[in-house]
>>> print(open('query_4.tsv').read())   # TSV, C-alpha atoms and all ligand atoms
chain	number	residue	atom	x	y	z
A	1161	MET	CA	-19.69	-9.77	8.31
A	1162	LYS	CA	-21.86	-12.71	7.18
A	1163	ASP	CA	-19.83	-15.03	4.95
A	1164	SER	CA	-23.00	-16.01	3.04
A	1165	ILE	CA	-22.39	-12.96	0.84
A	1166	PHE	CA	-19.38	-14.75	-0.69
A	1167	HIS	CA	-21.49	-17.75	-1.64
A	1168	THR	CA	-24.08	-15.98	-3.78
A	1169	SER	CA	-24.27	-17.60	-7.19
A	1170	ASP	CA	-24.20	-14.35	-9.18
A	1171	LEU	CA	-20.78	-13.43	-7.77
A	1172	LEU	CA	-18.33	-14.04	-10.63
A	1173	THR	CA	-15.21	-15.85	-9.45
A	1174	PRO	CA	-12.37	-15.44	-9.03
A	1175	ALA	CA	-13.17	-12.07	-7.46
A	1176	TYR	CA	-11.48	-9.50	-5.28
A	1177	VAL	CA	-14.11	-8.22	-2.89
A	1178	TYR	CA	-13.47	-5.02	-0.94
A	1179	ASN	CA	-15.65	-4.51	2.12
A	1180	GLN	CA	-16.51	-0.82	2.21
A	1181	ASP	CA	-17.35	-0.94	5.92
A	1182	GLY	CA	-13.93	-2.42	6.69
A	1183	ILE	CA	-12.24	0.40	4.78
A	1184	VAL	CA	-14.38	3.08	6.37
A	1185	ASN	CA	-13.70	1.70	9.87
A	1186	VAL	CA	-9.98	2.31	9.35
A	1187	LEU	CA	-10.57	5.66	7.70
A	1188	ASP	CA	-12.63	6.74	10.72
A	1189	LYS	CA	-9.53	6.19	12.84
A	1190	LEU	CA	-7.60	8.50	10.52
A	1191	VAL	CA	-10.36	11.11	10.72
A	1192	ASN	CA	-10.26	10.83	14.50
A	1193	LEU	CA	-6.50	11.35	14.47
A	1194	LYS	CA	-6.97	14.34	12.18
A	1195	GLU	CA	-9.52	15.86	14.55
A	1196	LYS	CA	-7.21	15.33	17.52
A	1197	THR	CA	-3.97	16.51	15.93
A	1198	ALA	CA	-4.76	18.46	12.73
A	1199	CYS	CA	-2.48	16.10	10.78
A	1200	LEU	CA	-3.11	15.64	7.06
A	1201	PRO	CA	-3.79	11.99	6.16
A	1202	LEU	CA	-3.14	10.77	2.62
A	1203	TYR	CA	-3.82	7.43	0.99
A	1204	SER	CA	-0.85	5.70	-0.68
A	1205	ILE	CA	-2.52	4.47	-3.84
A	1206	LYS	CA	0.13	1.91	-4.67
A	1207	SER	CA	-1.51	-0.61	-2.31
A	1208	ALA	CA	-4.79	-0.88	-4.29
A	1209	ASN	CA	-5.96	1.49	-6.96
A	1210	MET	CA	-9.31	0.58	-8.55
A	1211	VAL	CA	-11.23	3.74	-9.33
A	1212	GLY	CA	-14.36	2.67	-7.38
A	1213	LEU	CA	-12.20	1.99	-4.35
A	1214	LEU	CA	-10.39	5.33	-4.64
A	1215	ASP	CA	-13.80	7.02	-4.71
A	1216	VAL	CA	-14.65	5.41	-1.36
A	1217	ILE	CA	-11.38	6.56	0.24
A	1218	LYS	CA	-11.24	10.06	-1.25
A	1219	PRO	CA	-13.66	11.88	1.11
A	1220	TYR	CA	-11.65	10.87	4.18
A	1221	VAL	CA	-8.18	12.04	3.14
A	1222	SER	CA	-6.40	15.27	2.23
A	1223	GLY	CA	-5.02	13.71	-0.95
A	1224	PHE	CA	-3.23	10.74	-2.45
A	1225	SER	CA	0.42	9.81	-2.42
A	1226	CYS	CA	1.88	8.33	-5.59
A	1227	SER	CA	5.01	6.63	-6.81
A	1228	SER	CA	4.89	7.19	-10.57
A	1229	LEU	CA	3.56	9.48	-13.27
A	1230	PHE	CA	0.67	7.12	-14.05
A	1231	GLU	CA	-0.40	6.96	-10.41
A	1232	ALA	CA	-0.28	10.77	-10.30
A	1233	GLN	CA	-2.45	10.93	-13.45
A	1234	LEU	CA	-4.94	8.58	-11.83
A	1235	ALA	CA	-4.93	10.64	-8.63
A	1236	ALA	CA	-5.60	13.80	-10.64
A	1237	GLU	CA	-8.53	12.09	-12.35
A	1238	VAL	CA	-10.12	11.01	-9.06
A	1239	LEU	CA	-9.37	13.78	-6.55
A	1240	ASP	CA	-11.39	16.95	-6.05
A	1241	GLU	CA	-10.19	20.54	-6.23
A	1242	GLY	CA	-8.25	21.38	-3.07
A	1243	GLN	CA	-7.05	17.82	-2.46
A	1244	THR	CA	-3.32	17.36	-2.96
A	1245	ILE	CA	-1.12	14.94	-4.92
A	1246	HIS	CA	2.22	13.89	-3.41
A	1247	ILE	CA	4.95	11.90	-5.10
A	1248	THR	CA	8.21	10.26	-4.21
A	1249	THR	CA	10.16	7.60	-6.10
A	1250	PRO	CA	13.70	6.58	-6.86
A	1251	GLY	CA	12.49	6.24	-10.45
A	1252	TYR	CA	11.81	9.73	-11.83
A	1253	ARG	CA	12.49	9.73	-15.59
A	1254	HIS	CA	13.96	12.81	-17.21
A	1255	ASP	CA	11.27	12.87	-19.88
A	1256	GLU	CA	8.50	12.88	-17.25
A	1257	TRP	CA	9.53	15.81	-15.06
A	1258	ASP	CA	7.30	18.39	-16.74
A	1259	SER	CA	4.19	16.21	-16.50
A	1260	ILE	CA	4.93	15.21	-12.91
A	1261	ILE	CA	5.45	18.78	-11.79
A	1262	LYS	CA	2.26	19.88	-13.53
A	1263	LEU	CA	0.22	17.19	-11.77
A	1264	CYS	CA	1.78	17.02	-8.31
A	1265	ASP	CA	1.58	19.55	-5.51
A	1266	PHE	CA	4.38	17.98	-3.45
A	1267	VAL	CA	7.42	16.40	-5.11
A	1268	THR	CA	9.94	14.63	-2.91
A	1269	LEU	CA	13.39	13.94	-4.32
A	1270	ASN	CA	15.34	10.84	-3.47
A	1271	SER	CA	18.89	11.80	-4.45
A	1272	THR	CA	21.18	14.74	-5.19
A	1273	ASN	CA	21.13	13.88	-8.91
A	1274	GLN	CA	17.36	14.23	-8.89
A	1275	TRP	CA	17.89	17.56	-7.15
A	1276	HIS	CA	20.19	18.78	-9.94
A	1277	SER	CA	17.75	17.68	-12.63
A	1278	ALA	CA	14.57	19.09	-11.23
A	1279	ALA	CA	14.69	21.20	-8.08
A	1280	LYS	CA	14.50	24.55	-9.90
A	1281	LYS	CA	11.58	23.44	-12.06
A	1282	ILE	CA	9.74	21.98	-9.06
A	1283	ASN	CA	10.16	25.12	-7.02
A	1284	ALA	CA	8.39	27.16	-9.64
A	1285	ASP	CA	5.24	25.03	-9.48
A	1286	ALA	CA	5.15	22.62	-6.53
A	1287	SER	CA	6.53	22.19	-3.05
A	1288	CYS	CA	9.89	20.45	-3.11
A	1289	GLY	CA	10.99	17.98	-0.45
A	1290	ILE	CA	13.76	15.46	0.08
A	1291	ARG	CA	13.44	11.90	1.25
A	1292	LEU	CA	15.69	11.10	4.19
A	1293	ASN	CA	16.89	7.68	5.23
A	1294	PRO	CA	16.75	7.61	9.04
A	1295	GLU	CA	19.13	4.61	9.09
A	1296	LEU	CA	16.95	2.84	11.64
A	1297	SER	CA	15.94	-0.66	10.63
A	1298	PHE	CA	12.84	-2.15	12.21
A	1299	VAL	CA	12.08	-4.79	9.59
A	1300	ASN	CA	13.79	-8.18	9.82
A	1301	ASP	CA	13.33	-9.05	6.16
A	1302	GLU	CA	15.69	-6.88	4.07
A	1303	ARG	CA	13.38	-7.11	1.06
A	1304	TYR	CA	10.95	-4.85	2.91
A	1305	ASP	CA	13.47	-2.69	4.77
A	1306	PRO	CA	13.97	0.80	3.29
A	1307	CYS	CA	17.00	1.19	5.61
A	1308	ARG	CA	18.71	-2.03	4.48
A	1309	PRO	CA	22.46	-1.84	3.84
A	1310	ASN	CA	23.27	0.07	0.65
A	1311	SER	CA	19.72	1.35	0.48
A	1312	LYS	CA	18.53	3.26	-2.58
A	1313	LEU	CA	15.76	4.97	-0.60
A	1314	GLY	CA	16.40	8.46	0.69
A	1315	LEU	CA	19.48	10.48	1.58
A	1316	THR	CA	21.47	9.50	4.65
A	1317	PHE	CA	22.95	12.22	6.86
A	1318	GLU	CA	26.39	11.37	5.51
A	1319	GLN	CA	25.14	11.96	1.96
A	1320	LEU	CA	23.44	15.17	3.09
A	1321	ARG	CA	26.63	16.47	4.66
A	1322	ALA	CA	28.64	15.62	1.53
A	1323	ALA	CA	26.08	17.40	-0.68
A	1324	ASN	CA	26.00	20.33	1.70
A	1325	SER	CA	29.74	20.78	1.76
A	1326	LYS	CA	29.71	20.94	-2.05
A	1327	GLN	CA	26.78	23.40	-1.84
A	1328	GLU	CA	24.71	21.04	-3.91
A	1329	LEU	CA	21.47	21.59	-2.03
A	1330	ASP	CA	19.73	24.91	-1.59
A	1331	TRP	CA	18.13	24.69	1.85
A	1332	GLU	CA	16.08	27.80	1.17
A	1333	SER	CA	14.06	25.85	-1.37
A	1334	ILE	CA	13.65	22.56	0.50
A	1335	GLU	CA	10.21	22.91	1.98
A	1336	GLY	CA	9.68	19.40	3.29
A	1337	VAL	CA	11.15	16.08	4.30
A	1338	HIS	CA	9.77	12.61	3.80
A	1339	ILE	CA	10.60	9.44	5.71
A	1340	HIS	CA	9.28	5.91	5.22
A	1341	ASN	CA	11.18	3.16	7.01
A	1342	ASN	CA	8.79	0.49	8.25
A	1343	CYS	CA	6.47	-2.29	7.09
A	1344	GLU	CA	3.25	-3.58	8.67
A	1345	SER	CA	4.29	-2.27	12.07
A	1346	THR	CA	1.87	-1.50	14.89
A	1347	ARG	CA	4.64	-0.06	17.06
A	1348	TYR	CA	4.36	3.70	16.62
A	1349	GLU	CA	7.25	4.22	19.06
A	1350	GLU	CA	9.41	3.23	16.07
A	1351	LEU	CA	8.01	6.14	14.09
A	1352	LYS	CA	8.60	8.50	17.03
A	1353	LYS	CA	12.21	7.34	17.28
A	1354	SER	CA	12.75	7.80	13.53
A	1355	VAL	CA	11.26	11.29	13.52
A	1356	GLU	CA	13.31	12.36	16.52
A	1357	LYS	CA	16.50	11.09	14.88
A	1358	VAL	CA	15.73	12.86	11.63
A	1359	MET	CA	14.79	16.19	13.20
A	1360	SER	CA	17.83	16.16	15.44
A	1361	GLY	CA	20.11	15.32	12.48
A	1362	LEU	CA	18.60	18.10	10.38
A	1363	SER	CA	19.27	20.82	12.92
A	1364	GLU	CA	22.86	21.36	11.69
A	1365	PHE	CA	21.47	22.42	8.29
A	1366	ASN	CA	18.97	24.85	9.78
A	1367	PRO	CA	16.23	24.03	7.22
A	1368	LYS	CA	13.10	26.14	6.89
A	1369	LEU	CA	10.63	23.33	6.64
A	1370	LYS	CA	6.92	23.74	5.95
A	1371	TRP	CA	6.00	20.06	6.08
A	1372	ILE	CA	7.06	16.56	6.97
A	1373	ASN	CA	5.63	13.38	5.50
A	1374	LEU	CA	5.80	10.40	7.87
A	1375	GLY	CA	5.32	7.82	5.08
A	1376	GLY	CA	3.34	4.60	5.54
A	1377	GLY	CA	4.41	1.18	6.78
A	1378	TYR	CA	2.20	1.14	9.89
A	1379	LEU	CA	-1.13	-0.57	10.53
A	1380	LEU	CA	-4.17	0.96	12.20
A	1381	ASN	CA	-5.71	-2.20	13.66
A	1382	ASP	CA	-6.74	-2.82	17.27
A	1383	LYS	CA	-3.21	-3.87	18.23
A	1384	ALA	CA	-1.93	-0.41	17.38
A	1385	ASP	CA	-1.70	2.20	20.13
A	1386	LEU	CA	-1.80	5.50	18.24
A	1387	THR	CA	-0.65	7.61	21.21
A	1388	PRO	CA	3.02	7.85	20.11
A	1389	LEU	CA	1.82	8.82	16.63
A	1390	ALA	CA	-0.40	11.61	17.98
A	1391	ASP	CA	2.40	12.77	20.32
A	1392	THR	CA	4.90	12.84	17.46
A	1393	ILE	CA	2.56	14.86	15.25
A	1394	LYS	CA	1.93	17.37	18.05
A	1395	TRP	CA	5.65	17.63	18.80
A	1396	LEU	CA	6.45	18.34	15.15
A	1397	GLN	CA	3.74	20.97	14.92
A	1398	ASP	CA	4.71	22.69	18.19
A	1399	GLU	CA	8.49	22.57	17.82
A	1400	PHE	CA	8.88	23.10	14.10
A	1401	SER	CA	5.56	24.64	12.95
A	1402	VAL	CA	5.24	22.13	10.12
A	1403	ASP	CA	2.25	20.49	8.46
A	1404	VAL	CA	2.37	16.77	9.11
A	1405	TYR	CA	1.33	14.27	6.43
A	1406	PHE	CA	0.91	10.55	7.01
A	1407	GLU	CA	0.40	8.19	4.05
A	1408	PRO	CA	-0.73	4.65	4.93
A	1409	GLY	CA	-1.65	2.17	2.21
A	1410	LYS	CA	-2.00	-1.36	3.51
A	1411	ALA	CA	-3.53	-0.13	6.79
A	1412	ILE	CA	-6.54	1.08	4.78
A	1413	THR	CA	-7.02	-1.65	2.22
A	1414	GLY	CA	-5.27	-4.79	3.51
A	1415	GLY	CA	-7.81	-6.18	5.96
A	1416	ALA	CA	-10.82	-5.14	3.88
A	1417	GLY	CA	-9.90	-7.27	0.84
A	1418	TYR	CA	-10.93	-10.87	0.07
A	1419	LEU	CA	-10.24	-13.17	-2.87
A	1420	VAL	CA	-13.21	-15.44	-3.56
A	1421	ALA	CA	-12.52	-18.59	-5.59
A	1422	THR	CA	-14.58	-21.57	-6.73
A	1423	VAL	CA	-13.41	-25.18	-6.55
A	1424	ILE	CA	-13.15	-26.53	-10.10
A	1425	ASP	CA	-11.59	-29.94	-9.47
A	1426	LEU	CA	-10.65	-32.41	-6.74
A	1427	ILE	CA	-7.67	-34.71	-7.18
A	1428	GLU	CA	-6.40	-37.42	-4.87
A	1429	SER	CA	-2.61	-37.51	-4.98
A	1430	GLU	CA	-0.68	-39.93	-2.75
A	1431	ASN	CA	-3.29	-39.69	0.03
A	1432	LYS	CA	-3.57	-35.91	-0.20
A	1433	ASN	CA	-6.81	-34.27	-1.23
A	1434	ILE	CA	-5.93	-31.60	-3.73
A	1435	VAL	CA	-8.45	-28.83	-4.30
A	1436	VAL	CA	-8.04	-27.02	-7.62
A	1437	LEU	CA	-9.38	-23.46	-7.54
A	1438	ASP	CA	-10.39	-21.18	-10.40
A	1439	THR	CA	-7.75	-18.75	-9.16
A	1440	THR	CA	-3.95	-18.94	-9.11
A	1441	ILE	CA	-1.10	-17.78	-6.94
A	1442	ASN	CA	-0.63	-15.09	-9.61
A	1443	HIS	CA	-3.76	-13.41	-8.26
A	1444	LEU	CA	-2.04	-13.24	-4.85
A	1445	PRO	CA	1.52	-12.70	-6.10
A	1446	GLU	CA	2.95	-11.59	-2.74
A	1447	VAL	CA	2.05	-15.02	-1.33
A	1448	PHE	CA	4.39	-16.62	-3.85
A	1449	GLU	CA	6.97	-13.84	-3.84
A	1450	TYR	CA	7.40	-13.93	-0.08
A	1451	GLN	CA	6.34	-17.58	0.47
A	1452	TYR	CA	3.71	-17.18	3.14
A	1453	GLN	CA	0.42	-18.94	3.66
A	1454	PRO	CA	-2.67	-16.74	3.25
A	1455	LYS	CA	-5.52	-16.87	5.76
A	1456	VAL	CA	-8.61	-18.76	4.57
A	1457	MET	CA	-12.09	-18.12	5.97
A	1458	ASN	CA	-13.50	-20.99	8.09
A	1459	ALA	CA	-10.26	-22.97	8.01
A	1460	SER	CA	-9.22	-24.26	11.42
A	1461	ASP	CA	-6.46	-26.56	12.65
A	1462	LYS	CA	-9.11	-28.71	14.32
A	1463	GLY	CA	-11.13	-29.37	11.15
A	1464	ASN	CA	-11.68	-33.01	10.15
A	1465	TYR	CA	-11.39	-32.45	6.41
A	1466	LYS	CA	-7.85	-31.76	5.27
A	1467	TYR	CA	-6.98	-30.34	1.88
A	1468	ARG	CA	-4.19	-28.78	-0.14
A	1469	LEU	CA	-5.50	-25.69	-1.93
A	1470	VAL	CA	-3.84	-25.18	-5.31
A	1471	GLY	CA	-4.08	-22.72	-8.17
A	1472	CYS	CA	-5.12	-23.66	-11.69
A	1473	SER	CA	-1.96	-22.64	-13.62
A	1474	CYS	CA	0.58	-25.08	-15.06
A	1475	LEU	CA	3.15	-24.18	-12.39
A	1476	SER	CA	3.55	-27.07	-9.93
A	1477	GLY	CA	4.38	-24.59	-7.19
A	1478	ASP	CA	1.11	-22.73	-7.75
A	1479	LEU	CA	-0.26	-23.67	-4.35
A	1480	PHE	CA	-1.67	-21.83	-1.37
A	1481	GLY	CA	-1.00	-24.39	1.36
A	1482	ASP	CA	-2.59	-27.13	3.47
A	1483	TYR	CA	-5.78	-26.29	5.35
A	1484	ALA	CA	-8.42	-28.14	7.41
A	1485	PHE	CA	-12.17	-27.42	7.47
A	1486	ASP	CA	-15.19	-28.65	9.45
A	1487	LYS	CA	-17.12	-29.18	6.23
A	1488	GLN	CA	-16.26	-31.28	3.23
A	1489	ILE	CA	-15.21	-29.38	0.11
A	1490	GLU	CA	-16.94	-30.22	-3.17
A	1491	ILE	CA	-16.61	-29.08	-6.76
A	1492	GLY	CA	-18.46	-25.76	-6.82
A	1493	SER	CA	-17.61	-24.89	-3.17
A	1494	ARG	CA	-16.26	-21.42	-2.51
A	1495	VAL	CA	-12.90	-20.74	-0.84
A	1496	ILE	CA	-12.29	-17.25	0.54
A	1497	PHE	CA	-8.84	-15.82	1.17
A	1498	GLU	CA	-8.76	-13.02	3.75
A	1499	ASN	CA	-6.57	-9.98	4.37
A	1500	ILE	CA	-5.45	-9.69	0.77
A	1501	GLY	CA	-6.60	-6.14	-0.01
A	1502	ALA	CA	-3.13	-4.62	-0.40
A	1503	TYR	CA	-0.43	-5.24	-3.03
A	1504	MET	CA	-2.25	-8.19	-4.65
A	1505	GLN	CA	-4.64	-6.78	-7.26
A	1506	VAL	CA	-1.97	-4.24	-8.31
A	1507	LYS	CA	0.62	-6.99	-8.88
A	1508	ALA	CA	-1.61	-9.72	-10.33
A	1509	ASN	CA	-0.72	-11.10	-13.76
A	1510	MET	CA	-2.30	-13.17	-16.51
A	1511	PHE	CA	0.22	-16.03	-16.73
A	1512	ASN	CA	-1.25	-18.95	-18.75
A	1513	GLY	CA	-3.89	-16.53	-20.06
A	1514	ILE	CA	-5.93	-17.09	-16.92
A	1515	ASN	CA	-8.40	-14.27	-16.52
A	1516	LEU	CA	-7.80	-11.71	-13.79
A	1517	PRO	CA	-10.34	-11.67	-10.96
A	1518	ALA	CA	-13.34	-9.37	-11.19
A	1519	THR	CA	-13.49	-6.67	-8.52
A	1520	TYR	CA	-16.50	-5.97	-6.32
A	1521	LEU	CA	-17.25	-3.44	-3.64
A	1522	LEU	CA	-19.34	-4.82	-0.81
A	1523	ARG	CA	-21.52	-1.91	0.21
A	1524	LEU	CA	-23.32	-1.88	3.58
A	1525	GLU	CA	-22.23	-5.50	4.06
A	1526	GLU	CA	-24.95	-6.80	1.74
A	1527	ASN	CA	-24.83	-5.18	-1.66
A	1528	LEU	CA	-22.12	-6.49	-3.98
A	1529	GLU	CA	-21.33	-3.95	-6.68
A	1530	LEU	CA	-19.25	-5.12	-9.64
A	1531	ILE	CA	-16.66	-2.41	-10.35
A	1532	LYS	CA	-14.38	-4.24	-12.77
A	1533	ARG	CA	-14.77	-7.31	-14.91
A	1534	ASN	CA	-12.03	-8.70	-17.15
A	1535	ASP	CA	-12.30	-10.66	-20.36
A	1536	TYR	CA	-10.31	-11.75	-23.43
A	1537	GLU	CA	-9.73	-8.09	-24.36
A	1538	SER	CA	-7.96	-7.51	-20.99
A	1539	PHE	CA	-5.59	-10.34	-21.93
A	1540	ARG	CA	-5.18	-9.30	-25.56
A	1541	SER	CA	-4.45	-5.64	-24.78
A	1542	ARG	CA	-1.48	-6.62	-22.62
A	1543	LEU	CA	0.29	-8.49	-25.41
B	1	LIG	C1	7.13	6.14	0.32
B	1	LIG	C2	6.03	5.22	0.71
B	1	LIG	N1	4.95	5.72	1.35
B	1	LIG	C3	3.91	4.93	1.71
B	1	LIG	C4	3.92	3.56	1.46
B	1	LIG	C5	2.76	2.73	1.88
B	1	LIG	O1	3.16	1.75	2.76
B	1	LIG	P1	2.10	0.78	3.45
B	1	LIG	O2	1.22	0.24	2.41
B	1	LIG	O3	2.94	-0.27	4.09
B	1	LIG	O4	1.38	1.62	4.46
B	1	LIG	C6	5.04	3.00	0.82
B	1	LIG	C7	5.09	1.55	0.53
B	1	LIG	O5	5.98	1.00	-0.03
B	1	LIG	C8	6.12	3.85	0.43
B	1	LIG	O6	7.20	3.35	-0.20
>>> encode(input="query_4.tsv", output="structure tokens")
Amino acid sequence: MKDSIFHTSDLLTPAYVYNQDGIVNVLDKLVNLKEKTACLPLYSIKSANMVGLLDVIKPYVSGFSCSSLFEAQLAAEVLDEGQTIHITTPGYRHDEWDSIIKLCDFVTLNSTNQWHSAAKKINADASCGIRLNPELSFVNDERYDPCRPNSKLGLTFEQLRAANSKQELDWESIEGVHIHNNCESTRYEELKKSVEKVMSGLSEFNPKLKWINLGGGYLLNDKADLTPLADTIKWLQDEFSVDVYFEPGKAITGGAGYLVATVIDLIESENKNIVVLDTTINHLPEVFEYQYQPKVMNASDKGNYKYRLVGCSCLSGDLFGDYAFDKQIEIGSRVIFENIGAYMQVKANMFNGINLPATYLLRLEENLELIKRNDYESFRSRL
């Protein structure tokens, strides 16, 4: 992609820009997998959920997967007849069951208490599943690991056995199982291992499953060999005659998203050149939350011009990191953060009353379409 598109003067900054071609390239891989294996790909809308973006993704997937009532409402608004809505969360509220069941086709429960509250109602209207915790950790950072010690995510086999011995679960009405136990992995052998462990552990309960949902947590970039994924899907279909869902989020939106900022001030501070941007770390909250340095377009270790890029809020720690460039930065220059399409826009906040970025879709790599612009009303309506 030509980076000149990010320098056009009518692009309002700060701006999230989603490259449609980048999204479609990943979705083509999912379509290819679907053609090879007859799996049913979903998009996990928690990673990025602007309506214009959902419209781009919708034609390539069987449905959306959601983690709350509001996400399910949004999915129902966007999806076509025949596409399905799937939900799982540790956070079902008792006063939301009726609405959730009305909207969702597949409801996955996370605990035996949830089962007691809702299984009967779900069975009347939707397909009921349970989330299992495979107790296989592949993620070093516990904050991202669904199988961390004392996890709240999914039933372990010990919990299943305890519930079973008290006859708390009715296996006749459990139509599906859901697993999700990875994060940004390209190693699909880990998924294969998890599925094998879960299916072998389930055999003692003799379930009559119609589907399995493999969750998300894996990337679909060039580093990823999808063979173990395709083999696992085939194995599940052949051995257990189940429909197989797969629900990536970040794989679809992460690499296709950019944050474009404009330099609004330059400060020299104890021999460091500080570049103040019209954005803030609160527009890339995961950068601050997890303390990592985002990738910046055209920055290179060998560059002669060294800068510290900082955000414009009052927080002294509102900074992106130290970068070097071949060209000098001036007030009015653009700085482009890459790979920020997932979990940023959905978590951004308006601390200091700083406006949220606009959102654009970059169509055919040359046509920037404004899909959301924020203003004082966006700020006021949150108060
Ligand atoms: C149950 C479930 N499915 C899918 C996803 C999407 O994961 P990712 O965006 O890493 O693909 C998540 C993310 O937290 C999840 O919790």
>>> residues_around(input="query_4.tsv", residues="Thr1422 (chain A)", least_positions_apart="6", cutoff="12 Å", atoms="all atoms listed in the file", output="count of residues only")
29
>>> closest_atom_pairs(input="query_4.tsv", of="chain A", to="ligand LIG 1 (chain B)", cutoff="9 Å", atoms="all atoms listed in the file", output="Markdown table")
| residue | atom | partner | partner_atom | distance |
| --- | --- | --- | --- | --- |
| A:Tyr1203 | CA | B:LIG1 | C5 | 8.1 |
| A:Ser1204 | CA | B:LIG1 | C5 | 5.3 |
| A:Ile1205 | CA | B:LIG1 | C5 | 8.0 |
| A:Lys1206 | CA | B:LIG1 | C5 | 7.1 |
| A:Ser1207 | CA | B:LIG1 | O2 | 5.5 |
| A:Ser1225 | CA | B:LIG1 | N1 | 7.2 |
| A:Cys1226 | CA | B:LIG1 | N1 | 8.0 |
| A:Ser1227 | CA | B:LIG1 | C1 | 7.5 |
| A:Ile1247 | CA | B:LIG1 | C1 | 8.2 |
| A:Thr1248 | CA | B:LIG1 | C1 | 6.2 |
| A:Thr1249 | CA | B:LIG1 | C1 | 7.2 |
| A:Arg1291 | CA | B:LIG1 | C1 | 8.6 |
| A:Tyr1304 | CA | B:LIG1 | O5 | 8.2 |
| A:Pro1306 | CA | B:LIG1 | O6 | 8.0 |
| A:Leu1313 | CA | B:LIG1 | O6 | 8.7 |
| A:His1338 | CA | B:LIG1 | C1 | 7.8 |
| A:Ile1339 | CA | B:LIG1 | C1 | 7.2 |
| A:His1340 | CA | B:LIG1 | C1 | 5.4 |
| A:Asn1341 | CA | B:LIG1 | O6 | 8.2 |
| A:Asn1342 | CA | B:LIG1 | O3 | 7.2 |
| A:Cys1343 | CA | B:LIG1 | O3 | 5.1 |
| A:Glu1344 | CA | B:LIG1 | O3 | 5.7 |
| A:Ser1345 | CA | B:LIG1 | O3 | 8.3 |
| A:Asn1373 | CA | B:LIG1 | N1 | 8.7 |
| A:Leu1374 | CA | B:LIG1 | N1 | 8.1 |
| A:Gly1375 | CA | B:LIG1 | N1 | 4.3 |
| A:Gly1376 | CA | B:LIG1 | O4 | 3.7 |
| A:Gly1377 | CA | B:LIG1 | O3 | 3.4 |
| A:Tyr1378 | CA | B:LIG1 | O4 | 5.5 |
| A:Leu1379 | CA | B:LIG1 | O4 | 6.9 |
| A:Phe1406 | CA | B:LIG1 | C3 | 8.3 |
| A:Glu1407 | CA | B:LIG1 | C3 | 5.3 |
| A:Pro1408 | CA | B:LIG1 | O4 | 3.7 |
| A:Gly1409 | CA | B:LIG1 | O2 | 3.5 |
| A:Lys1410 | CA | B:LIG1 | O2 | 3.8 |
| A:Ala1411 | CA | B:LIG1 | O4 | 5.7 |
| A:Ile1412 | CA | B:LIG1 | O4 | 7.9 |
| A:Thr1413 | CA | B:LIG1 | O2 | 8.5 |
| A:Gly1414 | CA | B:LIG1 | O2 | 8.3 |
| A:Ala1502 | CA | B:LIG1 | O2 | 7.1 |
| A:Tyr1503 | CA | B:LIG1 | O2 | 7.9 |
>>> atom_distance(input="query_4.tsv", atom1="CA of Ile1531 (chain A)", atom2="CA of Gln1453 (chain A)")
27.6 Å
>>> closest_residue(input="query_4.tsv", among="A:Asn1431, A:Ser1277, A:Asn1300, A:Asn1209", to="Val1506 (chain A)", atoms="all atoms listed in the file")
A:Asn1209
>>> axis_aligned_box(input="query_4.tsv", around="region 1486-1500 of chain A", padding_each_side="6 Å", output="lines of an AutoDock Vina configuration file")
center_x = -12.0
center_y = -20.5
center_z = 1.3
size_x = 25.0
size_y = 33.6
size_z = 28.3
>>> closest_residue(input="query_4.tsv", among="A:Glu1350, A:Asp1535, A:Asn1179, A:Gln1505", to="Ser1297 (chain A)", atoms="only C-alpha atoms")
A:Glu1350
>>> residues_near_point(input="query_4.tsv", point="(-3.5, 14.1, 2.8)", cutoff="12 Å", atoms="only C-alpha atoms", output="tab-separated table (two decimals) with C-alpha atoms, in the coordinates of the input")
chain	number	residue	atom	x	y	z
A	1190	LEU	CA	-7.60	8.50	10.52
A	1191	VAL	CA	-10.36	11.11	10.72
A	1194	LYS	CA	-6.97	14.34	12.18
A	1198	ALA	CA	-4.76	18.46	12.73
A	1199	CYS	CA	-2.48	16.10	10.78
A	1200	LEU	CA	-3.11	15.64	7.06
A	1201	PRO	CA	-3.79	11.99	6.16
A	1202	LEU	CA	-3.14	10.77	2.62
A	1203	TYR	CA	-3.82	7.43	0.99
A	1204	SER	CA	-0.85	5.70	-0.68
A	1205	ILE	CA	-2.52	4.47	-3.84
A	1217	ILE	CA	-11.38	6.56	0.24
A	1218	LYS	CA	-11.24	10.06	-1.25
A	1219	PRO	CA	-13.66	11.88	1.11
A	1220	TYR	CA	-11.65	10.87	4.18
A	1221	VAL	CA	-8.18	12.04	3.14
A	1222	SER	CA	-6.40	15.27	2.23
A	1223	GLY	CA	-5.02	13.71	-0.95
A	1224	PHE	CA	-3.23	10.74	-2.45
A	1225	SER	CA	0.42	9.81	-2.42
A	1226	CYS	CA	1.88	8.33	-5.59
A	1239	LEU	CA	-9.37	13.78	-6.55
A	1242	GLY	CA	-8.25	21.38	-3.07
A	1243	GLN	CA	-7.05	17.82	-2.46
A	1244	THR	CA	-3.32	17.36	-2.96
A	1245	ILE	CA	-1.12	14.94	-4.92
A	1246	HIS	CA	2.22	13.89	-3.41
A	1247	ILE	CA	4.95	11.90	-5.10
A	1265	ASP	CA	1.58	19.55	-5.51
A	1266	PHE	CA	4.38	17.98	-3.45
A	1371	TRP	CA	6.00	20.06	6.08
A	1372	ILE	CA	7.06	16.56	6.97
A	1373	ASN	CA	5.63	13.38	5.50
A	1374	LEU	CA	5.80	10.40	7.87
A	1375	GLY	CA	5.32	7.82	5.08
A	1403	ASP	CA	2.25	20.49	8.46
A	1404	VAL	CA	2.37	16.77	9.11
A	1405	TYR	CA	1.33	14.27	6.43
A	1406	PHE	CA	0.91	10.55	7.01
A	1407	GLU	CA	0.40	8.19	4.05
A	1408	PRO	CA	-0.73	4.65	4.93
